[in-house]
Every structure is written in C-alpha cells, then in structure tokens.
Amino acid sequence: MSCNEHRTVRNHASRAGSILALMLSVFSLSVTTLQPAHAQTLPAQWGTYQKPFAPTSPWNTRPVNPSFGNFVIPKSTYAPGVAGGQWSTGVFLAKQGDPSVTVNGLPNTPGVWDPDAGINRVVTIPRWPADVQAATASDGHADIVDPVTGILHSFWQLRNVGGKWMAAQYAWSPIAGRGWGDPAHFFQGSRAAGVPTSGGLIRKHEVNDGDTMYRHALAMSLTFTGLASNPTYIFPATSADTSAATANTGGIPEGALMMLPPGYDTQKISSPALRKVAETLKTYGAYVVDRNGGTPFFIYVENGAKYDLHNGGWNTAVADDLDRMRAALRQVVSTQGWLDGNGQPFTPPMKFNLLSMRGPWQLQAGSLLGNFDTWQQAVVFPASATRVTQVNYTSRGLHPVVWALPQVGKTYRLSAITTGGAKLRLQVRDKSGLPLHFDSGELANGETKTFAWPAPNSVVTLYAISGVNTPSSVRGELIQQD
C-alpha cells in the first residue's frame with residue numbers, strides 16, 4: 001500500500017485454500033429457487049444498511065460504453081470463486097439501545113491500528129450489536145453500520161477473547177458517502193484498497209430478490225500473478241497491500257474496475273446464481289479491492305447468505321463457467337460516461353480535499369494539546385482559559401495518494417472550518433525549510449486563501465489554534481481549483 005510503514009503486513013497466503021473446502025464452509029443454496037420479480041420489496045433508501053453509500057458512489061454507478069485493456073487474469077492454484085465464508089465478512093446493524101463496546105489491540109500490541117489517525121489506540125464503538133461475529137480466518141473481517149451516527153465501522157483481525165473484543169485495525173466510512181477513501185481520509189475500511197469489506201459485497205437480502213443482477217459493482221480480489229506492482233493502485237483506491245510493489249507480478253492494480261465484455265453470452269451459464277453474477281459483471285463490473293493467495297479471482301458474499309454455487313459438493317459446470325469468466329474479464333481503461341444509481345448521467349468528481357488534521361502535534365503555546373478526532377476529521381480542543389497553539393511540521397496532513405499529489409503551478413483553495421473561535425494556519429516551504437512560499441495567516445471559520453502550488457517536494461507546516469473559554473475544533477480543506 002502507499003503507506004507501508006502504517007500497515008500491518010497482510011497475510012492472505014492461505015485465503016483461497018481449496019475452493020471446495022471454502023464452498024463446504026457455507027450453507028447450501030438451491031440455485032433454482034430464485035424468487036419471481038413480483039416478490040421484490042420496495043427499494044431501500046441510499047446510504048442505509050440495506051443499500052450503502054450514495055447513488056454517485058463508485059459502488060453504485062455503472063460505465064457507459066467502456067473500453068477494455070488486454071491483460072488476462074491468469075490461472076492459478078485454485079479455481080475462481082464466488083462465496084462467503086471464512087475470508088468474507090458479515091455486516092451488522094446497530095440500533096439506538098445497543099451498548100458501547102471498547103475494542104483493544106491484539107496481545108502484545110500498543111492498541112488498534114488506526115490508519116487515518118496514524119496511531120495505535122483503543123477504539124470505543126458507541127453502539128455494538130449483539131450478533132457481531134468476525135469472519136473466522138486470520139483477516140477476521142466484520143463491518144458494523146450505525147444509522148444513529150451514519151458511520152460504517154470496519155475491522156481487520158477482529159476477535160472476541162474471553163468476552164473482550166480486540167482487533168488489529170479499525171477504519172470507518174460515512175454510510176451515505178462514496179465508500180472509497182479520499183486524499184484526506186485515505187483509509188476508510190479494512191480491505192487493502194482502503195474500503196469497507198461491505199463495499200461491493202453480495203448481501204444476504206439480495207441473493208433471492210428476483211432480480212437478474214445485483215444493482216451495484218461487486219468486490220473482487222486477485223492473487224499475486226493477477227495484481228500489478230506498478231502502479232499498485234489507481235483511482236478510486238487510495239491504498240494497496242503492503243508488499244504489492246515487490247510481490248505482485250501481474251497487470252491489474254487495486255482499484256481497477258473489471259468487467260465482462262458486452263457480447264459475453266451469459267445464457268450459456270447453467271447456474272442461475274452464477275448467471276446473475278455474470279450479468280452484474282457485464283453492467284456494473286467488480287472493483288479489485290484486495291489480494292488473495294492462489295485464486296485467480298474471488299467475489300465476496302455476505303456471511304450467512306446460505307450461498308453455495310456448488311450445492312454442498314463440486315459442480316464441474318460451475319467451475320468451467322467461472323474459468324471462462326476469468327478468461328473474458330478485462331480491466332476498464334476508459335469510458336464515455338457514467339450513470340449514477342438512479343440511472344442519471346453524471347461526472348465522477350476528481351478533486352478532493354487533500355488536507356488532514358492528523359498529527360503528530362507539538363504544543364507551541366498554551367497548556368494542553370487538542371486531539372485529532374477521526375470521526376470529526378478535526379482537531380478538538382477542550383475549553384481553555386488561554387489560547388492553545390499547536391503545530392505539525394511533518395507534512396503528514398498531506399497523505400501521498402498517488403493520483404492526488406499537489407501539482408506545481410495549479411491553484412489550490414484553503415478553507416478553514418472551525419468552531420468555538422478556533423483558527424487554522426498553513427505554511428508551504430521549500431523542503432530545505434527556506435524559502436517560505438506561502439503563509440495563509442490565521443483563518444477563522446469560513447475564511448479562505450487561494451495560492452498556486454509553488455514547487456515540487458514542498459513541505460507543509462500546519463497550525464491549529466483553539467478558541468478561549470469554550471470547546472472548539474479545527475479542520476481545513478485544500479482543494480485544487482483548476
């Protein structure tokens with residue numbers, strides 16, 4: 001991934017195992033019992049447990065007249081698969097009365113790794129459903145949707161030991177947002193691409209909904225021989241597996257959209273359940289979000305969906321159809337346009353906030369540092385009788401997402417978003433420390449400054465200044481204008 005020093009190495013070497021063993025690990029589904037169209041319920045609202053993310057999210061949009069690359073996903077140790085099970089995830093719905101739960105780090109670690117904040121810490125989730133179960137393999141994925149806060153909580157290596165929850169990593173995403181990271185909040189879930197494991201997941205309530213396809217893009221992993229080493233990820237992904245640059249030998253970066261071509265004959269697919277997946281791959285495609293060990297491609301199904309393409313055994317016809325799909329899948333390299341989840345044309349945004357308020361912070365004046373709150377994306381100060389000024393010299397507020405690096409000569413607008421009388425200040429210097437190319441001065445809430453990015457490898461110094469005698473907070477936006 002792009003921030004290797006901040007990510008525990010992902011070990012997916014045994015993820016696929018035998019595809020037969022994986023299929024036997026989930027409940028059986030009779031693929032001949034799809035419900036008729038009249039059995040469909042009224043569609044859920046966007047940005048909810050049943051229908052996550054905005055209609056303009058990459059998960060919910062589809063390309064118009066896409067063009068494709070030439071790289072063919074190679075065969076590997078195991079057969080391609082579409083399944084739930086130990087390497088997939090569950091999605092759990094919190095409700096108002098659920099108790100809070102504190103999640104600690106794994107034994108002999110300083111806490112749960114929070115890539116957004118860049119620290120290990122204890123994480124307290126305000127509402128924790130009673131039915132949370134992490135997937136049983138080493139990734140231990142689980143996602144929790146909290147409609148009260150609008151937050152989707154995503155865990156890696158979650159486990160319950162002696163009644164106490166612990167995890168290796170935590171990240172979050174707005175349930176009504178894009179479902180992908182942006183340069184400021186670059187890691188929004190526990191997949192290697194920085195997305196929640198519920199993104200693109202075939203959900204339990206969708207399996208037998210009577211539709212001919214899933215009305216969103218799917219989530220796909222490839223193995224080492226399919227994934228690219230340079231670049232390791234592309235838009236909309238903001239990260240990749242830690243060892244991607246050295247271990248991958250293929251041609252597909254994480255974040256790539258894979259599709260079956262329009263002329264692919266899905267009517268030759270004998271399994272109705274697999275045909276539904278293939279129709280989805282022709283219309284929406286699947287985003288590559290992770291790496292597995294030895295499976296050419298794998299598409300994820302929510303645990304508990306009772307989904308089994310092989311009906312408790314091994315179906316050679318299904319395996320053959322999956323392999324034909326492998327040979328036909330291609331990366332989308334361009335498109336004439338996009339349709340959102342409501343079928344309306346739209347242009348996906350490419351200019352995002354570049355500025356995070358993550359630390360490390362040093363106290364310059366006052367008595368008590370404010371803390372970065374990932375859920376608010378802000379530095380939060382308690383009430384203080386005197387003004388607190390803190391500074392971050394490290395430039396870590398500009399995470400190096402490769403497709404969003406500041407460009408010399410381009411115009412950027414800095415906006416202060418503060419409460420309680422707090423202020424924001426940003427300076428841009430030469431990497432040697434001198435000269436000072438830009439100084440915003442202290443900006444109050446709503447104030448902006450516009451400047452041209454001065455030079456390659458410029459460094460940023462960021463100041464957060466509290467209000468007085470009242471709680472206050474500071475965040476900022478730095479967005480390219482041209």
# chains A, B, ... in the order shown; residues from 1 in each chain; ligands from 1

call {"tool": "residues_around", "arguments": {"residues": "range 130-136 of chain A", "least_positions_apart": "6", "cutoff": "12 Å", "atoms": "only C-alpha atoms", "output": "PyMOL selection string"}}
result
chain A and resi 15+22+25-26+84-95+97-101+142-145+153-161+165-167+197+301-304

call {"tool": "residues_around", "arguments": {"residues": "range 413-425 of chain A", "least_positions_apart": "5", "cutoff": "6 Å", "atoms": "only C-alpha atoms", "output": "ChimeraX atom specification"}}
result
/A:440-450,462-467,472-479

call {"tool": "residues_around", "arguments": {"residues": "His216 in chain A", "least_positions_apart": "3", "cutoff": "8 Å", "atoms": "only C-alpha atoms", "output": "PyMOL selection string"}}
result
chain A and resi 59-62+200+280+284+341

call {"tool": "residues_around", "arguments": {"residues": "range 74-78 of chain A", "least_positions_apart": "5", "cutoff": "6 Å", "atoms": "only C-alpha atoms", "output": "PyMOL selection string"}}
result
chain A and resi 294-296

call {"tool": "write_last_selection", "arguments": {"atoms": "all heavy atoms", "output": "PDB file, in the first residue's frame"}}
result
ATOM      1  N   GLY A 294      -3.615 -17.468  -4.325  1.00  0.00           N
ATOM      2  CA  GLY A 294      -3.760 -18.605  -5.206  1.00  0.00           C
ATOM      3  C   GLY A 294      -5.058 -18.737  -5.952  1.00  0.00           C
ATOM      4  O   GLY A 294      -5.249 -19.721  -6.678  1.00  0.00           O
ATOM      5  N   THR A 295      -5.981 -17.788  -5.824  1.00  0.00           N
ATOM      6  CA  THR A 295      -7.253 -17.845  -6.544  1.00  0.00           C
ATOM      7  C   THR A 295      -7.257 -16.770  -7.631  1.00  0.00           C
ATOM      8  O   THR A 295      -7.040 -15.593  -7.329  1.00  0.00           O
ATOM      9  CB  THR A 295      -8.434 -17.630  -5.596  1.00  0.00           C
ATOM     10  OG1 THR A 295      -8.421 -18.651  -4.596  1.00  0.00           O
ATOM     11  CG2 THR A 295      -9.754 -17.699  -6.338  1.00  0.00           C
ATOM     12  N   PRO A 296      -7.501 -17.127  -8.901  1.00  0.00           N
ATOM     13  CA  PRO A 296      -7.431 -16.137  -9.978  1.00  0.00           C
ATOM     14  C   PRO A 296      -8.304 -14.911  -9.721  1.00  0.00           C
ATOM     15  O   PRO A 296      -7.847 -13.779  -9.861  1.00  0.00           O
ATOM     16  CB  PRO A 296      -7.906 -16.921 -11.208  1.00  0.00           C
ATOM     17  CG  PRO A 296      -7.589 -18.335 -10.886  1.00  0.00           C
ATOM     18  CD  PRO A 296      -7.799 -18.473  -9.405  1.00  0.00           C
TER      19      PRO A 296
END

call {"tool": "atom_distance", "arguments": {"atom1": "CA of Gly105 in chain A", "atom2": "CA of Pro126 in chain A"}}
result
17.4 Å

call {"tool": "closest_residue", "arguments": {"among": "A:Gln169, A:Asn208, A:Thr335, A:Gln267", "to": "Pro66 in chain A", "atoms": "only C-alpha atoms"}}
result
A:Thr335

call {"tool": "closest_residue", "arguments": {"among": "A:Gly69, A:Gly47, A:Pro400, A:Pro115", "to": "Pro174 in chain A", "atoms": "only C-alpha atoms"}}
result
A:Gly47

call {"tool": "residues_around", "arguments": {"residues": "Ser334 in chain A", "least_positions_apart": "3", "cutoff": "12 Å", "atoms": "only C-alpha atoms", "output": "list in words"}}
result
Pro63, Val64, Asn65, Pro66, Ser67, Phe68, Gly69, Ala256, Leu257, Met258, Arg330, Gln331, Gly337 and Trp338 of chain A

call {"tool": "write_last_selection", "arguments": {"atoms": "N, CA, C and O atoms", "output": "CSV table (one decimal), in the first residue's frame"}}
result
chain,number,residue,atom,x,y,z
A,63,PRO,N,-20.6,2.2,-15.9
A,63,PRO,CA,-20.0,2.9,-17.0
A,63,PRO,C,-20.8,2.8,-18.3
A,63,PRO,O,-21.6,1.9,-18.5
A,64,VAL,N,-20.6,3.8,-19.1
A,64,VAL,CA,-21.3,3.9,-20.4
A,64,VAL,C,-20.2,3.6,-21.5
A,64,VAL,O,-19.2,4.3,-21.6
A,65,ASN,N,-20.5,2.6,-22.3
A,65,ASN,CA,-19.6,2.3,-23.4
A,65,ASN,C,-18.1,2.2,-23.0
A,65,ASN,O,-17.2,3.0,-23.5
A,66,PRO,N,-17.8,1.3,-22.0
A,66,PRO,CA,-16.4,1.2,-21.6
A,66,PRO,C,-15.5,0.6,-22.6
A,66,PRO,O,-15.9,-0.1,-23.5
A,67,SER,N,-14.2,1.0,-22.6
A,67,SER,CA,-13.1,0.4,-23.3
A,67,SER,C,-12.3,-0.5,-22.4
A,67,SER,O,-12.1,-0.1,-21.2
A,68,PHE,N,-11.7,-1.5,-22.9
A,68,PHE,CA,-11.0,-2.5,-22.1
A,68,PHE,C,-9.5,-2.7,-22.4
A,68,PHE,O,-9.1,-2.5,-23.6
A,69,GLY,N,-8.8,-3.1,-21.4
A,69,GLY,CA,-7.4,-3.4,-21.6
A,69,GLY,C,-7.2,-4.9,-22.1
A,69,GLY,O,-8.2,-5.6,-22.3
A,256,ALA,N,-8.9,-1.1,-9.8
A,256,ALA,CA,-9.3,-1.3,-11.2
A,256,ALA,C,-10.7,-1.9,-11.2
A,256,ALA,O,-11.1,-2.7,-10.4
A,257,LEU,N,-11.5,-1.4,-12.2
A,257,LEU,CA,-12.8,-2.0,-12.5
A,257,LEU,C,-12.7,-3.1,-13.5
A,257,LEU,O,-12.3,-2.8,-14.7
A,258,MET,N,-13.1,-4.3,-13.2
A,258,MET,CA,-13.1,-5.4,-14.1
A,258,MET,C,-14.5,-5.7,-14.6
A,258,MET,O,-15.5,-5.7,-13.8
A,330,ARG,N,-11.9,-8.2,-18.2
A,330,ARG,CA,-10.9,-7.2,-18.6
A,330,ARG,C,-11.1,-6.0,-17.8
A,330,ARG,O,-12.1,-5.6,-17.3
A,331,GLN,N,-9.9,-5.3,-17.6
A,331,GLN,CA,-9.9,-4.0,-16.9
A,331,GLN,C,-10.5,-2.9,-17.8
A,331,GLN,O,-10.2,-2.8,-19.0
A,337,GLY,N,-18.8,7.7,-20.3
A,337,GLY,CA,-19.6,8.4,-19.3
A,337,GLY,C,-20.0,7.5,-18.2
A,337,GLY,O,-19.5,6.3,-18.2
A,338,TRP,N,-20.8,8.0,-17.3
A,338,TRP,CA,-21.2,7.2,-16.2
A,338,TRP,C,-22.7,7.5,-15.9
A,338,TRP,O,-23.2,8.6,-16.1

call {"tool": "residues_around", "arguments": {"residues": "Leu281 in chain A", "least_positions_apart": "6", "cutoff": "9 Å", "atoms": "only C-alpha atoms", "output": "number ranges by chain"}}
result
A: 213, 217-218, 258-261, 329

call {"tool": "residues_around", "arguments": {"residues": "range 315-320 of chain A", "least_positions_apart": "3", "cutoff": "10 Å", "atoms": "only C-alpha atoms", "output": "list in words"}}
result
Ile19, Leu20, Ala79, Pro80, Gly81, Ile269, Ser270, Ser271, Ala273, Leu274, Arg275, Leu309, His310, Asn311, Gly312, Asp323, Arg324, Met325 and Arg326 of chain A

call {"tool": "closest_residue", "arguments": {"among": "A:Pro236, A:Pro231, A:Pro456, A:Gly370", "to": "Phe187 in chain A", "atoms": "only C-alpha atoms"}}
result
A:Pro236

call {"tool": "select_by_dssp", "arguments": {"residues": "range 197-330 of chain A", "states": "strand (DSSP E)", "output": "list in words"}}
result
Leu218, Ala219, Met220, Ser221, Leu222, Leu257, Met258, Met259, Ala286, Tyr287, Val288, Val289, Asp290, Arg291, Phe297, Phe298, Ile299, Tyr300 and Arg330 of chain A

call {"tool": "write_last_selection", "arguments": {"atoms": "N, CA, C and O atoms", "output": "compact mmCIF listing (two decimals), in the first residue's frame"}}
result
# COMPACT_ATOMS: atom_id res chain seq x y z
N LEU A 218 -19.42 -5.16 -7.76
CA LEU A 218 -19.03 -6.20 -6.81
C LEU A 218 -17.61 -5.96 -6.31
O LEU A 218 -16.87 -5.13 -6.86
N ALA A 219 -17.24 -6.66 -5.25
CA ALA A 219 -15.89 -6.59 -4.69
C ALA A 219 -15.13 -7.85 -5.08
O ALA A 219 -15.61 -8.96 -4.88
N MET A 220 -13.92 -7.68 -5.59
CA MET A 220 -13.13 -8.79 -6.13
C MET A 220 -11.71 -8.73 -5.59
O MET A 220 -11.13 -7.65 -5.44
N SER A 221 -11.14 -9.88 -5.31
CA SER A 221 -9.70 -9.97 -5.04
C SER A 221 -9.05 -10.79 -6.14
O SER A 221 -9.68 -11.65 -6.77
N LEU A 222 -7.78 -10.52 -6.38
CA LEU A 222 -6.95 -11.27 -7.30
C LEU A 222 -5.74 -11.81 -6.54
O LEU A 222 -5.42 -11.32 -5.45
N LEU A 257 -11.49 -1.44 -12.23
CA LEU A 257 -12.83 -1.97 -12.47
C LEU A 257 -12.72 -3.05 -13.53
O LEU A 257 -12.28 -2.81 -14.65
N MET A 258 -13.14 -4.28 -13.16
CA MET A 258 -13.10 -5.42 -14.07
C MET A 258 -14.52 -5.71 -14.56
O MET A 258 -15.47 -5.69 -13.78
N MET A 259 -14.64 -5.98 -15.87
CA MET A 259 -15.96 -6.25 -16.44
C MET A 259 -15.88 -7.39 -17.46
O MET A 259 -14.81 -7.67 -18.02
N ALA A 286 -16.76 -5.28 -11.30
CA ALA A 286 -16.28 -5.54 -9.95
C ALA A 286 -14.97 -4.79 -9.74
O ALA A 286 -14.09 -4.80 -10.60
N TYR A 287 -14.85 -4.12 -8.60
CA TYR A 287 -13.63 -3.41 -8.26
C TYR A 287 -12.67 -4.35 -7.53
O TYR A 287 -13.07 -5.12 -6.66
N VAL A 288 -11.40 -4.25 -7.89
CA VAL A 288 -10.36 -5.05 -7.25
C VAL A 288 -9.96 -4.34 -5.96
O VAL A 288 -9.46 -3.21 -5.98
N VAL A 289 -10.21 -5.01 -4.82
CA VAL A 289 -10.04 -4.36 -3.53
C VAL A 289 -9.04 -5.06 -2.62
O VAL A 289 -8.73 -4.55 -1.55
N ASP A 290 -8.52 -6.22 -3.03
CA ASP A 290 -7.69 -6.98 -2.09
C ASP A 290 -6.90 -8.03 -2.85
O ASP A 290 -7.11 -8.26 -4.05
N ARG A 291 -5.99 -8.68 -2.14
CA ARG A 291 -5.19 -9.75 -2.70
C ARG A 291 -5.47 -11.05 -1.95
O ARG A 291 -5.67 -11.05 -0.74
N PHE A 297 -9.57 -15.14 -9.38
CA PHE A 297 -10.41 -14.06 -8.88
C PHE A 297 -11.39 -14.63 -7.89
O PHE A 297 -11.80 -15.77 -7.99
N PHE A 298 -11.75 -13.79 -6.92
CA PHE A 298 -12.72 -14.20 -5.89
C PHE A 298 -13.66 -13.04 -5.65
O PHE A 298 -13.22 -11.90 -5.49
N ILE A 299 -14.96 -13.31 -5.66
CA ILE A 299 -16.00 -12.31 -5.42
C ILE A 299 -16.69 -12.64 -4.11
O ILE A 299 -17.04 -13.80 -3.86
N TYR A 300 -16.90 -11.63 -3.27
CA TYR A 300 -17.29 -11.86 -1.88
C TYR A 300 -18.81 -11.78 -1.68
O TYR A 300 -19.47 -10.88 -2.19
N ARG A 330 -11.93 -8.22 -18.23
CA ARG A 330 -10.93 -7.23 -18.64
C ARG A 330 -11.06 -5.98 -17.77
O ARG A 330 -12.14 -5.65 -17.29

call {"tool": "closest_residue", "arguments": {"among": "A:Thr246, A:Gln427, A:Thr223, A:Asn70", "to": "Asn392 in chain A", "atoms": "only C-alpha atoms"}}
result
A:Gln427

call {"tool": "atom_distance", "arguments": {"atom1": "CA of Leu369 in chain A", "atom2": "CA of Ala383 in chain A"}}
result
11.4 Å
